[in-house]
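Please read the structure below before turning to the comments.
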Amino acid sequence: MKNVLRGHQGDVQFTGIKSIPTGAKKIANKPIALGEHSGHMHVLTGDVQMFEIEGRIICAVGADGARLQHVHESNFSEACWKTTNELQKADHNSHLLPEGNYEFYIQNSYNPYSRLMEQVID
Amino acid sequence: MKLETLTPAQEAKIPEIRNYWLNYILSCQNRLDKEKARKGIEWMYNYCGKKPPIIIFMDSPFGCQVAANFFLKFFENKHPANIWANIRANIGANIWDNIWANIRANIGDNIRDNIWANIGDNIRDNIRDNIRANIRANIGDNIRANIGDNIRDNIRANIRDNIGANIGANIWDNIWANIGDNKLTHYETSWMGNVGNYGWVAYIDYFLQLKLIHSDREKDFNAFKDLLLSGVFDMIQFDGLCIVSDMPTQIVRNAAGRLHNPNGPSVEFKDGWCQYNINGRILPSWIWEKAASGEITKELFLTESNSEIKGGIYEVMGQKRMMDLLGAIEVDTRTITHRNGDLEVLSLLKTKERFQEIGNEPFAWVKMICPSTGTQYLQGVEPHHTNALDAIASLSPFKAEEYSFDLRS
């Protein structure tokens, strides 16, 4: 796909997709990635519904838009899910996403001992 | 007629019950309630036709092994005429198998048969996969079995340094002084009455709590459940003597649920006994100690023959320190112009040397700079890369020609 929106925030990357994949299951919104030791998380807030299929992270952003934010979990509460206001950032600047469907990915790193790609968790 | 569908409220209870049992241990907030445990152990022994045992509470499963050695070997040898000899005379065989067979047949299997008779296959499969198998993998396999294997292997090999990582600073000094040169014996731990039972107990608990089945064994099941919820981690069950371990004070795992902590012990108990893991692999504590004190040298790394230890050093040191240690050099640099006009400089780095344990290849990394913080990041890449852009794209779902972003931070 050309001219679709592509973005990169820390260890998280995303791209616009045409539609929600068939069979994707609606899930309760949750952080896209959680840091294992830092307490930081990448989270999409605002007019958004999350879906999951075979481990893929899919989000449908509605007409009011959504904001991809990098926050410390202590600065995030239930009330934050619905807002596109900028929350106190941890490291990475936030991004406003327009209406559309998006797939999110967590960056990999190659482990020469296991010879496998492993997801990066900060 | 069998139950074939669950209501939304019943579905919602699945993660609730699973998470209750997982959090009971993973939160590390629950400690041994000795009175509750005593009541439960006396009930269990009685249920299996045994008299109430002497109960000894220890802070760790390793402490239980030491206590068992004291009661069954050392007191007998050193103090034949005193009270301990009398106690020893009343301790019989290890009865883990007797207790396991009784609880399994009369409670576990009995209620499971009831579930088979009354609950449809799809619901049973759902609860089995989402409660029993999940808890079993997380707690039984990844925690209890891992710790048990470590203790068993180390006792059998008589490796003391690895058994008590904090040996110089805690109560194990006194214990070793008493044991002297005697070799420890490993005693089989319980099969019923430990955190590894959470899976099947939670499975049955789901059906009983929701009153989806009725069982005449519910009272016995609840007595066994109460024993598990008294904060017992594990126990060694002799006829006449039961030695019980408290829960861990710390558990650190990776995203896959395996014990993992590059920064310190992955499991720790109140008496200071701890173990170190990387992605579930048990490794010696010196890796962490030497990494913290700057004693990991290139020579030490290169002359280490154990590939698992080398992998552990790599994880504990982190990519940046390993790159510095091994003397990586820049082999390619590329500048990307992103769609938003940002310029990003990427570098591909490799070690000059090749390493036997990773297939006679060099270590390779790609270096990038965070546009928000200016921090340099290194990510491992496959060693065949010669182009920094190809290398970084290989870590993402994008092809090299697509690796250009509208939004970056």
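For the structure tokens, the naming scheme is as follows: chains receive sequential letters (A, B, ...) according to their order of presentation, residues are indexed from 1 within each chain, and ligands are indexed from 1 in presentation order.
All residues of protein, DNA or RNA that reach within 7 Å of region 333-345 of chain B, judged by only C-alpha atoms and not counting those fewer than 4 positions away in the chain, are B:Met368, B:Ala388, B:Leu389, B:Ser404, B:Phe405, B:Asp406, B:Leu407.
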Output C-alpha atoms for every residue in that selection, as a JSON list (two decimals), in the first residue's frame.
```json
[["chain", "number", "residue", "atom", "x", "y", "z"],
["B", 368, "MET", "CA", 19.68, 4.39, 15.50],
["B", 388, "ALA", "CA", 22.24, -0.68, 7.51],
["B", 389, "LEU", "CA", 18.87, 0.07, 5.92],
["B", 404, "SER", "CA", 10.14, 5.87, 5.75],
["B", 405, "PHE", "CA", 7.72, 7.39, 8.24],
["B", 406, "ASP", "CA", 5.24, 10.27, 8.30],
["B", 407, "LEU", "CA", 5.31, 10.44, 12.09]]
```
- Counting only C-alpha atoms, what is within 12 Å of Ala24 (chain A), bar same-chain residues fewer than 2 positions away, as a PyMOL selection string? chain A and resi 19-22+26-27+49-60+103
Please determine the contact residues of chain B with respect to chain A at a cut-off of 6 Å, counting only C-alpha atoms, and supply them as a PDB file with C-alpha atoms, in the first residue's frame.
```
ATOM      1  CA  ILE B 358      26.715 -18.324  17.497  1.00  0.00           C
ATOM      2  CA  SER B 372      12.581  12.492  20.857  1.00  0.00           C
ATOM      3  CA  GLN B 379      19.345  -3.549  18.224  1.00  0.00           C
ATOM      4  CA  GLY B 380      20.771  -6.942  17.370  1.00  0.00           C
ATOM      5  CA  VAL B 381      20.461  -7.925  13.691  1.00  0.00           C
ATOM      6  CA  LEU B 395      13.404  -5.773  12.468  1.00  0.00           C
ATOM      7  CA  SER B 396      10.056  -4.393  11.247  1.00  0.00           C
ATOM      8  CA  PHE B 405       7.716   7.391   8.240  1.00  0.00           C
ATOM      9  CA  ASP B 406       5.243  10.267   8.303  1.00  0.00           C
ATOM     10  CA  LEU B 407       5.310  10.436  12.087  1.00  0.00           C
ATOM     11  CA  ARG B 408       8.405   9.775  14.219  1.00  0.00           C
ATOM     12  CA  SER B 409       9.217  10.219  17.869  1.00  0.00           C
TER      13      SER B 409
END
```
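For the atom pair formed by CA of Asn387 (chain B) and CA of Pro371 (chain B), the distance is 21.4 Å, given to one decimal.
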- DSSP strand (DSSP E or B) residues within chain A, as number ranges by chain: A: 6-9, 12-17, 25-27, 33-34, 40-53, 56-72, 95-97, 100-106, 108-111, 116-119
C-alpha atoms of the current selection, written as a short mmCIF file (atom, residue, chain, number, x, y, z; two decimals), in the first residue's frame:
```cif
data_model
loop_
_atom_site.label_atom_id
_atom_site.label_comp_id
_atom_site.auth_asym_id
_atom_site.auth_seq_id
_atom_site.Cartn_x
_atom_site.Cartn_y
_atom_site.Cartn_z
CA ARG A 6 3.22 5.12 8.67
CA GLY A 7 4.59 6.00 12.06
CA HIS A 8 7.24 5.09 14.58
CA GLN A 9 7.20 5.85 18.31
CA VAL A 12 6.25 0.75 18.34
CA GLN A 13 5.58 1.13 14.62
CA PHE A 14 2.27 1.38 12.79
CA THR A 15 0.76 1.64 9.36
CA GLY A 16 -2.67 2.41 7.97
CA ILE A 17 -4.62 -0.59 6.67
CA LYS A 25 -12.17 -9.91 17.58
CA LYS A 26 -13.11 -6.72 19.39
CA ILE A 27 -11.24 -6.46 22.66
CA ALA A 33 3.13 -2.17 24.57
CA LEU A 34 4.14 -2.23 28.21
CA HIS A 40 6.33 3.11 30.50
CA MET A 41 3.62 2.23 28.02
CA HIS A 42 2.55 3.08 24.49
CA VAL A 43 -1.17 3.68 24.49
CA LEU A 44 -3.71 4.87 21.94
CA THR A 45 -6.37 7.10 23.52
CA GLY A 46 -9.47 8.85 22.18
CA ASP A 47 -12.05 7.60 19.68
CA VAL A 48 -10.60 4.13 19.23
CA GLN A 49 -11.65 0.48 19.29
CA MET A 50 -9.03 -2.27 19.52
CA PHE A 51 -9.17 -5.65 17.78
CA GLU A 52 -6.99 -8.73 17.92
CA ILE A 53 -6.44 -11.56 15.50
CA ARG A 56 -1.88 -8.83 15.60
CA ILE A 57 -2.82 -5.48 17.14
CA ILE A 58 -5.45 -3.66 15.08
CA CYS A 59 -7.13 -0.34 15.94
CA ALA A 60 -10.08 1.41 14.36
CA VAL A 61 -9.88 5.16 14.93
CA GLY A 62 -13.20 7.00 14.71
CA ALA A 63 -14.09 10.45 13.40
CA ASP A 64 -12.88 12.19 16.57
CA GLY A 65 -9.35 10.85 16.11
CA ALA A 66 -6.93 9.26 18.55
CA ARG A 67 -3.57 10.04 20.07
CA LEU A 68 -0.64 7.64 20.37
CA GLN A 69 1.02 8.46 23.66
CA HIS A 70 4.05 7.24 25.58
CA VAL A 71 3.33 7.60 29.28
CA HIS A 72 4.34 6.22 32.65
CA HIS A 95 1.02 11.63 17.55
CA LEU A 96 -2.55 12.45 16.54
CA LEU A 97 -4.00 9.80 14.23
CA GLY A 100 -8.94 5.08 9.80
CA ASN A 101 -7.77 1.59 10.50
CA TYR A 102 -4.25 0.90 11.73
CA GLU A 103 -2.03 -2.05 12.53
CA PHE A 104 0.59 -1.72 15.24
CA TYR A 105 3.85 -3.63 15.52
CA ILE A 106 6.48 -3.92 18.20
CA ASN A 108 12.16 -6.77 16.95
CA SER A 109 15.74 -7.43 17.91
CA TYR A 110 17.79 -10.42 16.78
CA ASN A 111 19.10 -12.68 19.54
CA LEU A 116 15.30 -15.74 16.80
CA MET A 117 13.75 -12.33 16.44
CA GLU A 118 12.43 -11.15 19.80
CA GLN A 119 10.16 -8.23 20.52
#
```
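With only C-alpha atoms as the atoms that count, the minimum distance from Lys89 (chain A) to the choices B:Asn150, B:Thr373, B:Gln209, B:Thr351 is reached by B:Thr373.
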- Item | B:Pro383, B:Gly92, B:Pro52, B:Gly231 ranked by distance to Met247 (chain B), top pick (using only C-alpha atoms) | B:Gly231
